[in-house]
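Containing compact mmCIF, C-alpha atoms and all ligand atoms: input_12.txt.
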# COMPACT_ATOMS: atom_id res chain seq x y z
CA MET N 1 -9.69 18.14 -5.47
CA LEU N 2 -8.73 16.71 -8.81
CA THR N 3 -11.28 14.57 -10.56
CA ARG N 4 -9.77 11.29 -11.55
CA GLU N 5 -10.93 7.98 -12.91
CA ASP N 6 -12.13 5.45 -10.35
CA PRO N 7 -9.84 2.53 -11.25
CA MET N 8 -10.58 -1.11 -10.47
CA ILE N 9 -8.53 -3.01 -7.91
CA VAL N 10 -8.00 -6.68 -8.74
CA ASN N 11 -8.94 -9.72 -6.63
CA ALA N 12 -5.35 -10.57 -5.67
CA LEU N 13 -4.78 -7.14 -4.10
CA VAL N 14 -8.14 -7.09 -2.31
CA ARG N 15 -7.40 -10.57 -0.98
CA GLN N 16 -4.01 -9.33 0.23
CA ALA N 17 -5.59 -6.31 1.95
CA LEU N 18 -8.40 -8.28 3.62
CA SER N 19 -6.10 -11.10 4.78
CA SER N 20 -3.69 -8.59 6.31
CA ALA N 21 -6.45 -6.54 7.91
CA GLN N 22 -7.88 -9.72 9.44
CA GLU N 23 -4.45 -10.74 10.73
CA VAL N 24 -4.01 -7.38 12.48
CA MET N 25 -7.61 -6.54 13.52
CA GLY N 26 -9.04 -10.01 14.09
CA GLU N 27 -12.08 -11.36 12.31
CA ASN N 28 -14.63 -9.35 14.32
CA GLY N 29 -12.75 -6.11 13.76
CA LEU N 30 -12.50 -6.72 10.04
CA ASN N 31 -16.17 -7.68 9.77
CA ALA N 32 -17.19 -4.49 11.56
CA VAL N 33 -15.31 -2.27 9.10
CA LEU N 34 -16.52 -4.29 6.10
CA ARG N 35 -20.06 -3.48 7.24
CA THR N 36 -19.45 0.24 7.76
CA SER N 37 -17.71 0.54 4.39
CA GLY N 38 -20.43 -1.24 2.41
CA LEU N 39 -18.25 -4.28 1.66
CA GLU N 40 -20.34 -6.88 3.57
CA ARG N 41 -20.08 -9.20 0.60
CA PHE N 42 -16.52 -10.05 1.65
CA ILE N 43 -17.46 -11.19 5.18
CA GLY N 44 -16.22 -14.78 5.39
CA SER N 45 -15.64 -14.74 1.65
CA PHE N 46 -12.37 -13.28 0.37
CA PRO N 47 -11.87 -12.95 -3.38
CA PRO N 48 -9.66 -15.53 -5.17
CA ASP N 49 -5.97 -14.88 -5.86
CA ASN N 50 -6.29 -13.75 -9.47
CA LEU N 51 -6.14 -10.59 -11.57
CA GLU N 52 -9.88 -10.21 -12.27
CA PRO N 53 -11.35 -6.80 -11.32
CA SER N 54 -12.76 -6.84 -7.78
CA ILE N 55 -13.68 -3.45 -6.31
CA GLN N 56 -13.27 0.18 -7.27
CA ALA N 57 -10.62 2.41 -5.76
CA SER N 58 -13.39 4.47 -4.13
CA GLU N 59 -14.53 1.34 -2.23
CA TYR N 60 -10.97 0.57 -1.17
CA ALA N 61 -10.62 4.16 0.05
CA LYS N 62 -13.84 3.75 2.10
CA LEU N 63 -12.40 0.63 3.72
CA ASN N 64 -9.26 2.56 4.73
CA GLU N 65 -11.40 5.40 6.07
CA ALA N 66 -13.54 2.93 8.05
CA ILE N 67 -10.46 1.37 9.67
CA ALA N 68 -9.16 4.83 10.64
CA ALA N 69 -12.56 5.72 12.11
CA PHE N 70 -12.87 2.39 13.96
CA TYR N 71 -9.60 2.96 15.85
CA GLY N 72 -9.77 6.75 16.23
CA ARG N 73 -6.38 8.02 17.41
CA GLY N 74 -4.90 4.55 16.96
CA GLY N 75 -6.02 4.35 13.34
CA ARG N 76 -2.76 5.50 11.82
CA GLY N 77 -0.73 2.86 13.68
CA MET N 78 -3.22 0.12 12.81
CA LEU N 79 -3.17 1.04 9.13
CA ARG N 80 0.63 0.96 9.15
CA ARG N 81 0.59 -2.48 10.74
CA ILE N 82 -1.89 -3.69 8.11
CA GLY N 83 0.39 -2.28 5.42
CA LYS N 84 3.37 -4.14 6.86
CA ALA N 85 1.36 -7.36 7.03
CA SER N 86 0.23 -6.90 3.43
CA PHE N 87 3.81 -6.67 2.14
CA GLN N 88 4.66 -9.84 4.11
CA TYR N 89 1.60 -11.50 2.58
CA ALA N 90 2.75 -10.50 -0.91
CA VAL N 91 6.23 -11.96 -0.28
CA ARG N 92 4.72 -15.21 1.02
CA GLU N 93 1.81 -15.69 -1.38
CA GLN N 94 2.43 -13.48 -4.40
CA ALA N 95 6.20 -13.59 -5.02
CA ALA N 96 5.68 -14.07 -8.76
CA LEU N 97 3.35 -11.07 -9.05
CA LEU N 98 5.80 -9.01 -7.01
CA GLY N 99 8.64 -10.15 -9.28
CA ILE N 100 10.89 -11.34 -6.44
CA ALA N 101 10.76 -15.10 -7.04
CA GLY N 102 14.33 -16.42 -7.19
CA ILE N 103 15.89 -12.96 -6.82
CA ALA N 104 19.12 -12.55 -4.79
CA LEU N 105 19.92 -8.97 -3.79
CA LYS N 106 22.86 -9.61 -1.48
CA LEU N 107 25.53 -8.44 -3.89
CA LEU N 108 23.89 -5.12 -4.73
CA PRO N 109 24.60 -1.89 -2.83
CA GLU N 110 21.86 -0.98 -0.36
CA LYS N 111 20.38 1.87 -2.41
CA GLN N 112 20.06 -0.44 -5.43
CA ARG N 113 18.32 -3.06 -3.32
CA ILE N 114 15.81 -0.51 -2.06
CA LYS N 115 15.26 0.77 -5.59
CA PHE N 116 14.71 -2.79 -6.78
CA ILE N 117 11.92 -3.53 -4.32
CA LEU N 118 10.20 -0.18 -4.87
CA ASN N 119 10.28 -0.78 -8.63
CA SER N 120 8.91 -4.27 -8.02
CA MET N 121 5.99 -2.87 -6.02
CA ALA N 122 5.20 -0.35 -8.75
CA GLY N 123 5.55 -3.09 -11.37
CA ALA N 124 3.18 -5.45 -9.55
CA LEU N 125 0.54 -2.73 -9.32
CA LYS N 126 0.87 -1.92 -13.01
CA LYS N 127 0.71 -5.62 -13.92
CA SER N 128 -2.52 -5.87 -11.94
CA ASN N 129 -4.04 -2.83 -13.62
CA PRO N 130 -2.64 -0.90 -16.60
CA GLN N 131 -4.50 2.24 -15.40
CA VAL N 132 -2.14 2.48 -12.44
CA LYS N 133 0.53 5.19 -12.56
CA ALA N 134 3.22 4.33 -10.03
CA TRP N 135 6.95 4.92 -10.30
CA VAL N 136 10.21 5.42 -8.40
CA ASP N 137 11.85 8.85 -8.37
CA ASP N 138 15.61 8.49 -7.94
CA GLY N 139 16.50 11.94 -9.31
CA GLY N 140 16.58 13.73 -5.95
CA GLU N 141 18.73 13.38 -2.87
CA LYS N 142 16.33 10.77 -1.46
CA LEU N 143 14.62 7.86 -3.17
CA ALA N 144 10.88 8.24 -3.38
CA TYR N 145 7.99 6.01 -4.37
CA MET N 146 5.22 7.83 -6.22
CA GLU N 147 1.68 7.05 -7.29
CA SER N 148 -0.78 9.37 -8.99
CA THR N 149 -3.61 6.80 -8.94
CA CYS N 150 -3.46 5.91 -5.21
CA GLY N 151 -6.55 3.94 -4.19
CA ILE N 152 -6.18 4.56 -0.45
CA CYS N 153 -7.04 8.24 -0.62
CA TYR N 154 -9.32 8.08 -3.66
CA GLY N 155 -12.02 10.77 -3.34
CA ARG N 156 -10.93 11.69 0.20
CA GLU N 157 -9.83 15.13 1.38
CA SER N 158 -7.45 15.92 4.20
CA ASP N 159 -5.04 18.65 5.34
CA THR N 160 -2.41 16.02 6.09
CA PRO N 161 -1.30 12.89 4.20
CA ILE N 162 -3.51 9.87 4.96
CA CYS N 163 -2.03 6.88 3.10
CA HIS N 164 -0.76 5.19 6.27
CA LEU N 165 -1.32 1.68 4.93
CA TYR N 166 0.97 2.51 2.01
CA VAL N 167 3.62 3.86 4.43
CA GLY N 168 3.49 0.54 6.29
CA SER N 169 3.89 -1.52 3.09
CA ILE N 170 6.84 0.56 1.89
CA THR N 171 8.50 0.45 5.34
CA GLU N 172 8.27 -3.33 5.29
CA ALA N 173 9.43 -3.55 1.67
CA VAL N 174 12.52 -1.44 2.38
CA LEU N 175 13.22 -3.55 5.49
CA TRP N 176 12.93 -6.71 3.37
CA ALA N 177 15.41 -5.33 0.81
CA SER N 178 17.94 -3.65 3.11
CA GLY N 179 17.59 -5.39 6.47
CA LYS N 180 17.03 -1.95 8.06
CA GLU N 181 13.99 -0.08 9.23
CA TYR N 182 14.00 3.21 7.33
CA GLN N 183 11.71 6.06 8.16
CA ILE N 184 9.15 6.44 5.33
CA ILE N 185 7.53 9.85 5.10
CA GLU N 186 4.48 10.65 2.97
CA THR N 187 5.45 14.14 1.82
CA HIS N 188 2.66 14.62 -0.75
CA CYS N 189 -0.85 13.17 -0.89
CA LEU N 190 -3.61 13.37 -3.48
CA ALA N 191 -6.05 13.94 -0.59
CA LYS N 192 -4.25 17.26 0.12
CA GLY N 193 -4.65 18.30 -3.51
CA ASP N 194 -1.13 17.26 -4.54
CA PRO N 195 -0.74 15.68 -8.02
CA TYR N 196 0.47 12.39 -6.51
CA CYS N 197 1.18 10.58 -3.28
CA ARG N 198 4.92 10.66 -2.61
CA PHE N 199 6.65 8.43 -0.08
CA GLU N 200 10.20 9.43 0.72
CA VAL N 201 12.77 6.98 2.02
CA GLY N 202 14.26 8.93 4.96
CA GLU N 203 16.93 7.94 7.43
CA ALA N 204 17.56 4.40 8.64
CA ARG N 205 16.71 3.86 12.30
CA GLU N 206 19.73 2.55 14.12
ZN ZN N 301 -2.71 8.33 -1.35

Translate this structure into structure tokens?
Amino acid sequence: MLTREDPMIVNALVRQALSSAQEVMGENGLNAVLRTSGLERFIGSFPPDNLEPSIQASEYAKLNEAIAAFYGRGGRGMLRRIGKASFQYAVREQAALLGIAGIALKLLPEKQRIKFILNSMAGALKKSNPQVKAWVDDGGEKLAYMESTCGICYGRESDTPICHLYVGSITEAVLWASGKEYQIIETHCLAKGDPYCRFEVGEARE
């Protein structure tokens, strides 16, 4: 396990995560996991939509872990659904932060559109916190979204990749940009001891 800094996550992103989790899990479900992850202070009281520091990555990771534990075998699917909802929330409520306000992608080739939205996601994270290291790798055969400061798996260890919420967000982002549901595969994860979390854009589902 690499030791890394415990970066802060800003209010706007915590608000996005909590709103999406509540949408998918219901208020009682969300409140239960807020209690088990030591985040009771957010029960009935979401942070404002601004870029002030809110919680530490380690706390965000605990929330993800608590959701996985709450649903057991269904945890992965729930986290993906929350991730999808959080990208939709960002499009609806945080278009400026995401850098998509007034953008028309129609005329670009599909790969460029996908690259655009992945770069926008990385850019929004970096705008919210300069400590974040997120980027798009377009050097290989497949496009991949990378982050070496991932908050979802912060301080967690696993034999398999665990950033299911991220997979959901990227799936939804690529769908938004291309109109197609692509398979997103987390090939590397910091929780496995890899130097970054890597999400590969696989094949489009027909
Ligand atoms: Zn991760």

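Proximity to ligand ZN 301 (chain N) was assessed for N:Tyr145, N:Phe70, N:Tyr182, N:Phe87 counting only C-alpha atoms and all ligand atoms; the smallest distance is recorded for N:Tyr145.
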
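Of the residues listed (N:Arg41, N:Lys192, N:Arg113, N:Arg92), N:Lys192 shows the shortest atom-to-atom separation from Glu157 of chain N; distances use only C-alpha atoms.
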
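Considering the residues N:Lys84, N:His188, N:Lys142, N:Arg15 and counting all atoms listed in the file, ligand ZN 301 (chain N) has its shortest atom-to-atom contact with N:His188.
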
Using only C-alpha atoms and all ligand atoms, find each residue of chain N with at least one atom at most 10 Å away from an atom of ligand ZN 301 (chain N); report its shortest atom-to-atom pair and that distance in Å (one decimal), sort the rows by chain and rising residue number, and return the result as a Markdown table.
| residue | atom | partner | partner_atom | distance |
| --- | --- | --- | --- | --- |
| N:Ala61 | CA | N:ZN301 | ZN | 9.1 |
| N:Met146 | CA | N:ZN301 | ZN | 9.3 |
| N:Glu147 | CA | N:ZN301 | ZN | 7.5 |
| N:Ser148 | CA | N:ZN301 | ZN | 7.9 |
| N:Thr149 | CA | N:ZN301 | ZN | 7.8 |
| N:Cys150 | CA | N:ZN301 | ZN | 4.6 |
| N:Gly151 | CA | N:ZN301 | ZN | 6.5 |
| N:Ile152 | CA | N:ZN301 | ZN | 5.2 |
| N:Cys153 | CA | N:ZN301 | ZN | 4.4 |
| N:Tyr154 | CA | N:ZN301 | ZN | 7.0 |
| N:Gly155 | CA | N:ZN301 | ZN | 9.8 |
| N:Arg156 | CA | N:ZN301 | ZN | 9.0 |
| N:Pro161 | CA | N:ZN301 | ZN | 7.3 |
| N:Ile162 | CA | N:ZN301 | ZN | 6.5 |
| N:Cys163 | CA | N:ZN301 | ZN | 4.7 |
| N:His164 | CA | N:ZN301 | ZN | 8.5 |
| N:Leu165 | CA | N:ZN301 | ZN | 9.3 |
| N:Tyr166 | CA | N:ZN301 | ZN | 7.7 |
| N:Val167 | CA | N:ZN301 | ZN | 9.7 |
| N:Glu186 | CA | N:ZN301 | ZN | 8.7 |
| N:His188 | CA | N:ZN301 | ZN | 8.3 |
| N:Cys189 | CA | N:ZN301 | ZN | 5.2 |
| N:Leu190 | CA | N:ZN301 | ZN | 5.5 |
| N:Ala191 | CA | N:ZN301 | ZN | 6.6 |
| N:Lys192 | CA | N:ZN301 | ZN | 9.2 |
| N:Asp194 | CA | N:ZN301 | ZN | 9.6 |
| N:Tyr196 | CA | N:ZN301 | ZN | 7.3 |
| N:Cys197 | CA | N:ZN301 | ZN | 4.9 |
| N:Arg198 | CA | N:ZN301 | ZN | 8.1 |
| N:Phe199 | CA | N:ZN301 | ZN | 9.4 |

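Our summary of the geometry notes that atom CA of Glu200 of chain N is positioned 15.2 Å from atom CA of Lys180 of chain N.
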
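Of the listed residues N:Gln183, N:Gln112, N:Gln16, N:Asn11, the one whose atoms come nearest to Gly83 of chain N is N:Gln16, with distances taken using all atoms listed in the file.
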
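Using all atoms listed in the file, the shortest contact distance between Glu5 of chain N and any of N:Ala96, N:Ala177, N:Ile170, N:Ala57 is found at N:Ala57.
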
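Here atom CA of Asn50 of chain N is placed at a distance of 9.1 Å from atom CA of Ser128 of chain N.
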
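All protein, DNA and RNA residues at most 10 Å from (-10.6, 3.0, 7.2) are Val33, Leu34, Thr36, Ser37, Tyr60, Ala61, Lys62, Leu63, Asn64, Glu65, Ala66, Ile67, Ala68, Ala69, Phe70, Tyr71, Gly72, Gly75, Arg76, Met78, Leu79, Ile152 and Leu165 of chain N, using only C-alpha atoms.
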